[in-house]
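Engineer: Have a look at this one before I ask anything.
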Amino acid sequence: MNSKDLICGISDVPLTEKGIGQAKKSADLLLQKISTGELPPVTDIISSPLIRAKQTAAIIAEKLNLKITEDKRLTEQDYGSFEGKSRFDPEYRKARTQFAVRYPGGESALDTAARVYPLLDELKKRNDGGHYLLATHGGTYRIIITYFKDMTNSEYAEFRALNCDFYSFLL
């Protein structure tokens, strides 16, 4: 979520100083959890090509001494005409509940799932013992969650990932 609560979607905006600080704290926490054995070591970092995700990935990659692979399938959902509007816009809030309907000029949640699920399938098929860190966005992350667990429509529409938070799933 950005400091002005605006819908960024595919808008390619950099992290703010606050966002950079959040990414650094997240990298430190991730390294701590790895060093205590709470999480396995990350073997691969895969990032959305949008600058805010790449900046976050770079901060984490430096801490973990890893390289980053970009994958456009992790790009945030295209919110079309809602880009740059308030997250609290009543029309946007209503549109969020219509998963098969494209945002005007953008993508539907199903469109986003159609590009994200194949990436997850590929990672699963690797069966190489890898532990992947995906640097992505809130809307894309909502889709990733649905790959691993069922969510009701209202759970899906209301879910908000915290900035620079990380979640662990088994492929």
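So you can find residues: chains in the structure tokens are A, B, ... in the order shown, residues in each start at 1, and ligands are numbered from 1 in order.
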Listing only residues of region 29-145 of chain A within 8 Å of region 12-23 of chain A, what is the closest atom pair and its distance in Å (to one decimal) for each, using only C-alpha atoms, sorted by chain and residue number ascending, as a Markdown table?

Structural biologist:
```
| residue | atom | partner | partner_atom | distance |
| --- | --- | --- | --- | --- |
| A:Leu50 | CA | A:Asp12 | CA | 5.5 |
| A:Ile51 | CA | A:Pro14 | CA | 5.5 |
| A:Arg52 | CA | A:Pro14 | CA | 4.7 |
| A:Gln55 | CA | A:Leu15 | CA | 7.2 |
| A:Thr56 | CA | A:Ala23 | CA | 5.5 |
| A:Ile59 | CA | A:Ala23 | CA | 6.6 |
| A:Ile60 | CA | A:Ala23 | CA | 7.3 |
```

Engineer: Out of region 13-171 of chain A, which residues get strand (DSSP E) from DSSP, as number ranges by chain?

Structural biologist: A: 44-47, 68-70, 132-135

Engineer: Excluding region 3-11 of chain A and its own-chain neighbours fewer than 6 positions away, which residues fall within 7 Å of it when counting only C-alpha atoms? Please give them as a list in words.

Structural biologist: Glu76, Gln77, Asp78, Tyr79, Phe82, Glu83, Gly84, Lys85, Ser86 and Arg87 of chain A

Engineer: Keeping only C-alpha atoms, write the selected residues to a file as a tab-separated table (two decimals), in the first residue's frame.

Structural biologist:
```tsv
chain	number	residue	atom	x	y	z
A	76	GLU	CA	0.81	-6.33	-10.60
A	77	GLN	CA	-2.73	-6.66	-11.89
A	78	ASP	CA	-3.66	-3.99	-14.44
A	79	TYR	CA	-6.44	-1.97	-12.81
A	82	PHE	CA	-8.73	2.83	-11.73
A	83	GLU	CA	-4.94	3.35	-11.86
A	84	GLY	CA	-4.06	6.39	-9.74
A	85	LYS	CA	-7.46	6.56	-8.03
A	86	SER	CA	-8.14	6.07	-4.34
A	87	ARG	CA	-8.26	2.51	-3.03
```

Engineer: Kindly give the distance, in Å, that separates CA of Ala57 (chain A) and CA of Leu31 (chain A), rounded to a single decimal.

Structural biologist: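 Going from CA of Ala57 (chain A) over to CA of Leu31 (chain A) covers 13.5 Å.
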
Engineer: Leaving out region 126-130 of chain A and any residue of its chain fewer than 5 positions from it, which residues lie within 8 Å of it when counting only C-alpha atoms, given as a PyMOL selection string?

Structural biologist: chain A and resi 42-44

Engineer: Deliver the residues from the most recent selection as a file, using N, CA and C atoms, as a PDB file, in the first residue's frame.

Structural biologist:
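File again-v1.pdb, as written:
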```pdb
ATOM      1  N   VAL A  42      16.754 -19.217   1.132  1.00  0.00           N
ATOM      2  CA  VAL A  42      16.219 -18.871  -0.185  1.00  0.00           C
ATOM      3  C   VAL A  42      17.273 -19.233  -1.224  1.00  0.00           C
ATOM      4  N   THR A  43      16.847 -19.914  -2.276  1.00  0.00           N
ATOM      5  CA  THR A  43      17.782 -20.294  -3.337  1.00  0.00           C
ATOM      6  C   THR A  43      17.627 -19.417  -4.580  1.00  0.00           C
ATOM      7  N   ASP A  44      16.440 -18.859  -4.772  1.00  0.00           N
ATOM      8  CA  ASP A  44      16.167 -18.059  -5.960  1.00  0.00           C
ATOM      9  C   ASP A  44      15.243 -16.898  -5.591  1.00  0.00           C
TER      10      ASP A  44
END
```

Engineer: What gap, in Å, lies between CA of Ala157 (chain A) and CA of Asp111 (chain A)?

Structural biologist: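 Separation of CA of Ala157 (chain A) and CA of Asp111 (chain A): 15.6 Å.
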
Engineer: Do you know which residues are at most 12 Å from Leu39 (chain A) counting only C-alpha atoms, after dropping those on the same chain fewer than 5 positions away, and could you put them as a PDB file with N, CA and C atoms, in the first residue's frame?

Structural biologist:
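Result went into selection-v6.pdb, see below:
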```
ATOM      1  N   LEU A  29      14.743  -9.301   8.820  1.00  0.00           N
ATOM      2  CA  LEU A  29      13.896 -10.303   9.469  1.00  0.00           C
ATOM      3  C   LEU A  29      13.981 -11.642   8.737  1.00  0.00           C
ATOM      4  N   LEU A  30      13.980 -11.598   7.428  1.00  0.00           N
ATOM      5  CA  LEU A  30      14.095 -12.827   6.637  1.00  0.00           C
ATOM      6  C   LEU A  30      15.422 -13.525   6.936  1.00  0.00           C
ATOM      7  N   LEU A  31      16.516 -12.768   6.949  1.00  0.00           N
ATOM      8  CA  LEU A  31      17.826 -13.342   7.251  1.00  0.00           C
ATOM      9  C   LEU A  31      17.844 -13.952   8.653  1.00  0.00           C
ATOM     10  N   GLN A  32      17.225 -13.281   9.606  1.00  0.00           N
ATOM     11  CA  GLN A  32      17.145 -13.800  10.975  1.00  0.00           C
ATOM     12  C   GLN A  32      16.389 -15.128  11.002  1.00  0.00           C
ATOM     13  N   LYS A  33      15.240 -15.177  10.320  1.00  0.00           N
ATOM     14  CA  LYS A  33      14.432 -16.402  10.309  1.00  0.00           C
ATOM     15  C   LYS A  33      15.158 -17.552   9.614  1.00  0.00           C
ATOM     16  N   ILE A  34      15.945 -17.228   8.618  1.00  0.00           N
ATOM     17  CA  ILE A  34      16.738 -18.257   7.941  1.00  0.00           C
ATOM     18  C   ILE A  34      17.856 -18.746   8.869  1.00  0.00           C
ATOM     19  N   HIS A 131      14.002 -23.012  -2.801  1.00  0.00           N
ATOM     20  CA  HIS A 131      13.107 -22.172  -1.996  1.00  0.00           C
ATOM     21  C   HIS A 131      13.105 -20.796  -2.640  1.00  0.00           C
ATOM     22  N   TYR A 132      11.953 -20.439  -3.175  1.00  0.00           N
ATOM     23  CA  TYR A 132      11.841 -19.267  -4.028  1.00  0.00           C
ATOM     24  C   TYR A 132      11.229 -18.094  -3.277  1.00  0.00           C
ATOM     25  N   LEU A 133      11.844 -16.945  -3.430  1.00  0.00           N
ATOM     26  CA  LEU A 133      11.270 -15.715  -2.916  1.00  0.00           C
ATOM     27  C   LEU A 133      10.717 -14.960  -4.122  1.00  0.00           C
ATOM     28  N   PHE A 166       6.381 -11.193   4.229  1.00  0.00           N
ATOM     29  CA  PHE A 166       6.618 -12.407   3.456  1.00  0.00           C
ATOM     30  C   PHE A 166       5.828 -13.546   4.074  1.00  0.00           C
ATOM     31  N   TYR A 167       5.428 -14.435   3.185  1.00  0.00           N
ATOM     32  CA  TYR A 167       4.615 -15.579   3.534  1.00  0.00           C
ATOM     33  C   TYR A 167       5.291 -16.812   2.942  1.00  0.00           C
ATOM     34  N   SER A 168       5.111 -17.933   3.562  1.00  0.00           N
ATOM     35  CA  SER A 168       5.758 -19.159   3.113  1.00  0.00           C
ATOM     36  C   SER A 168       4.718 -20.175   2.688  1.00  0.00           C
ATOM     37  N   PHE A 169       4.919 -20.786   1.516  1.00  0.00           N
ATOM     38  CA  PHE A 169       4.040 -21.816   0.996  1.00  0.00           C
ATOM     39  C   PHE A 169       4.890 -22.984   0.523  1.00  0.00           C
ATOM     40  N   LEU A 170       4.338 -24.168   0.577  1.00  0.00           N
ATOM     41  CA  LEU A 170       4.999 -25.352   0.039  1.00  0.00           C
ATOM     42  C   LEU A 170       4.415 -25.664  -1.319  1.00  0.00           C
TER      43      LEU A 170
END
```

Engineer: If you run DSSP on the backbone here, which positions in chain A get helix (DSSP H, G or I)? Please write them as number ranges by chain.

Structural biologist: A: 17-35, 51-64, 72-74, 80-82, 90-95, 109-126, 138-148, 153-158

Engineer: Could the residues in this selection be written to a file with C-alpha atoms, as a PDB file, in the first residue's frame?

Structural biologist:
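As written to disk, out_15.pdb reads:
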```pdb
ATOM      1  CA  GLU A  17      12.101   6.272   1.625  1.00  0.00           C
ATOM      2  CA  LYS A  18       9.570   4.587   3.893  1.00  0.00           C
ATOM      3  CA  GLY A  19       9.274   1.699   1.437  1.00  0.00           C
ATOM      4  CA  ILE A  20      13.049   1.332   1.274  1.00  0.00           C
ATOM      5  CA  GLY A  21      13.134   1.199   5.069  1.00  0.00           C
ATOM      6  CA  GLN A  22      10.389  -1.445   5.090  1.00  0.00           C
ATOM      7  CA  ALA A  23      12.326  -3.536   2.561  1.00  0.00           C
ATOM      8  CA  LYS A  24      15.498  -3.314   4.658  1.00  0.00           C
ATOM      9  CA  LYS A  25      13.627  -4.388   7.806  1.00  0.00           C
ATOM     10  CA  SER A  26      12.017  -7.250   5.893  1.00  0.00           C
ATOM     11  CA  ALA A  27      15.416  -8.382   4.576  1.00  0.00           C
ATOM     12  CA  ASP A  28      16.851  -8.338   8.109  1.00  0.00           C
ATOM     13  CA  LEU A  29      13.896 -10.303   9.469  1.00  0.00           C
ATOM     14  CA  LEU A  30      14.095 -12.827   6.637  1.00  0.00           C
ATOM     15  CA  LEU A  31      17.826 -13.342   7.251  1.00  0.00           C
ATOM     16  CA  GLN A  32      17.145 -13.800  10.975  1.00  0.00           C
ATOM     17  CA  LYS A  33      14.432 -16.402  10.309  1.00  0.00           C
ATOM     18  CA  ILE A  34      16.738 -18.257   7.941  1.00  0.00           C
ATOM     19  CA  SER A  35      19.660 -18.193  10.381  1.00  0.00           C
ATOM     20  CA  ILE A  51      10.631  -0.873 -10.220  1.00  0.00           C
ATOM     21  CA  ARG A  52       9.131  -1.036  -6.712  1.00  0.00           C
ATOM     22  CA  ALA A  53       9.325  -4.846  -6.684  1.00  0.00           C
ATOM     23  CA  LYS A  54      12.811  -4.828  -8.237  1.00  0.00           C
ATOM     24  CA  GLN A  55      14.038  -2.377  -5.591  1.00  0.00           C
ATOM     25  CA  THR A  56      12.636  -4.576  -2.827  1.00  0.00           C
ATOM     26  CA  ALA A  57      14.152  -7.688  -4.413  1.00  0.00           C
ATOM     27  CA  ALA A  58      17.531  -5.950  -4.759  1.00  0.00           C
ATOM     28  CA  ILE A  59      17.621  -5.041  -1.072  1.00  0.00           C
ATOM     29  CA  ILE A  60      16.817  -8.626  -0.102  1.00  0.00           C
ATOM     30  CA  ALA A  61      19.183 -10.100  -2.713  1.00  0.00           C
ATOM     31  CA  GLU A  62      22.065  -8.030  -1.378  1.00  0.00           C
ATOM     32  CA  LYS A  63      21.383  -9.248   2.171  1.00  0.00           C
ATOM     33  CA  LEU A  64      21.144 -12.893   1.030  1.00  0.00           C
ATOM     34  CA  LYS A  72       6.747 -10.381 -16.110  1.00  0.00           C
ATOM     35  CA  ARG A  73       4.079 -12.802 -14.917  1.00  0.00           C
ATOM     36  CA  LEU A  74       4.599 -11.363 -11.408  1.00  0.00           C
ATOM     37  CA  GLY A  80      -7.149  -0.046 -16.020  1.00  0.00           C
ATOM     38  CA  SER A  81      -9.048   3.200 -15.509  1.00  0.00           C
ATOM     39  CA  PHE A  82      -8.730   2.831 -11.726  1.00  0.00           C
ATOM     40  CA  PRO A  90     -16.746   3.103  -4.263  1.00  0.00           C
ATOM     41  CA  GLU A  91     -16.692   2.006  -7.922  1.00  0.00           C
ATOM     42  CA  TYR A  92     -13.315   0.345  -7.436  1.00  0.00           C
ATOM     43  CA  ARG A  93     -14.456  -1.383  -4.235  1.00  0.00           C
ATOM     44  CA  LYS A  94     -17.464  -2.778  -6.101  1.00  0.00           C
ATOM     45  CA  ALA A  95     -15.349  -3.838  -9.090  1.00  0.00           C
ATOM     46  CA  ALA A 109      -8.498 -11.375 -11.405  1.00  0.00           C
ATOM     47  CA  LEU A 110      -8.938 -14.391 -13.670  1.00  0.00           C
ATOM     48  CA  ASP A 111      -6.647 -12.798 -16.285  1.00  0.00           C
ATOM     49  CA  THR A 112      -4.022 -12.297 -13.596  1.00  0.00           C
ATOM     50  CA  ALA A 113      -4.399 -15.886 -12.378  1.00  0.00           C
ATOM     51  CA  ALA A 114      -3.977 -17.095 -15.978  1.00  0.00           C
ATOM     52  CA  ARG A 115      -0.447 -15.644 -16.042  1.00  0.00           C
ATOM     53  CA  VAL A 116       0.578 -16.294 -12.406  1.00  0.00           C
ATOM     54  CA  TYR A 117      -0.582 -19.909 -11.998  1.00  0.00           C
ATOM     55  CA  PRO A 118       1.654 -21.225 -14.839  1.00  0.00           C
ATOM     56  CA  LEU A 119       4.703 -19.695 -13.121  1.00  0.00           C
ATOM     57  CA  LEU A 120       3.783 -21.455  -9.874  1.00  0.00           C
ATOM     58  CA  ASP A 121       3.203 -24.692 -11.799  1.00  0.00           C
ATOM     59  CA  GLU A 122       6.685 -24.350 -13.355  1.00  0.00           C
ATOM     60  CA  LEU A 123       8.317 -23.815  -9.967  1.00  0.00           C
ATOM     61  CA  LYS A 124       6.452 -26.808  -8.583  1.00  0.00           C
ATOM     62  CA  LYS A 125       7.557 -29.018 -11.494  1.00  0.00           C
ATOM     63  CA  ARG A 126      11.232 -28.108 -10.999  1.00  0.00           C
ATOM     64  CA  GLY A 138      -0.608  -7.044  -3.387  1.00  0.00           C
ATOM     65  CA  GLY A 139      -3.022  -7.952  -6.174  1.00  0.00           C
ATOM     66  CA  THR A 140      -0.697 -10.563  -7.590  1.00  0.00           C
ATOM     67  CA  TYR A 141      -0.060 -11.922  -4.127  1.00  0.00           C
ATOM     68  CA  ARG A 142      -3.821 -12.341  -3.597  1.00  0.00           C
ATOM     69  CA  ILE A 143      -3.798 -14.540  -6.695  1.00  0.00           C
ATOM     70  CA  ILE A 144      -0.814 -16.524  -5.384  1.00  0.00           C
ATOM     71  CA  ILE A 145      -2.693 -17.242  -2.152  1.00  0.00           C
ATOM     72  CA  THR A 146      -5.596 -18.719  -4.135  1.00  0.00           C
ATOM     73  CA  TYR A 147      -3.169 -21.185  -5.720  1.00  0.00           C
ATOM     74  CA  PHE A 148      -2.471 -22.615  -2.265  1.00  0.00           C
ATOM     75  CA  ASN A 153     -15.112 -14.016  -2.663  1.00  0.00           C
ATOM     76  CA  SER A 154     -15.341 -11.629   0.287  1.00  0.00           C
ATOM     77  CA  GLU A 155     -12.062 -12.923   1.789  1.00  0.00           C
ATOM     78  CA  TYR A 156     -10.382 -12.411  -1.558  1.00  0.00           C
ATOM     79  CA  ALA A 157     -11.796  -8.933  -2.114  1.00  0.00           C
ATOM     80  CA  GLU A 158     -10.876  -7.753   1.392  1.00  0.00           C
TER      81      GLU A 158
END
```

Engineer: For Asp165 (chain A), which residue out of A:Thr136, A:Thr152, A:Thr36, A:Ser108 is the nearest one, using only C-alpha atoms?

Structural biologist: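 Closest candidate: A:Thr136.
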
Engineer: Work out how far apart CA of Glu70 (chain A) and CA of Asn163 (chain A) are and give it in Å to one decimal.

Structural biologist: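 Distance between the two atoms: 19.4 Å.
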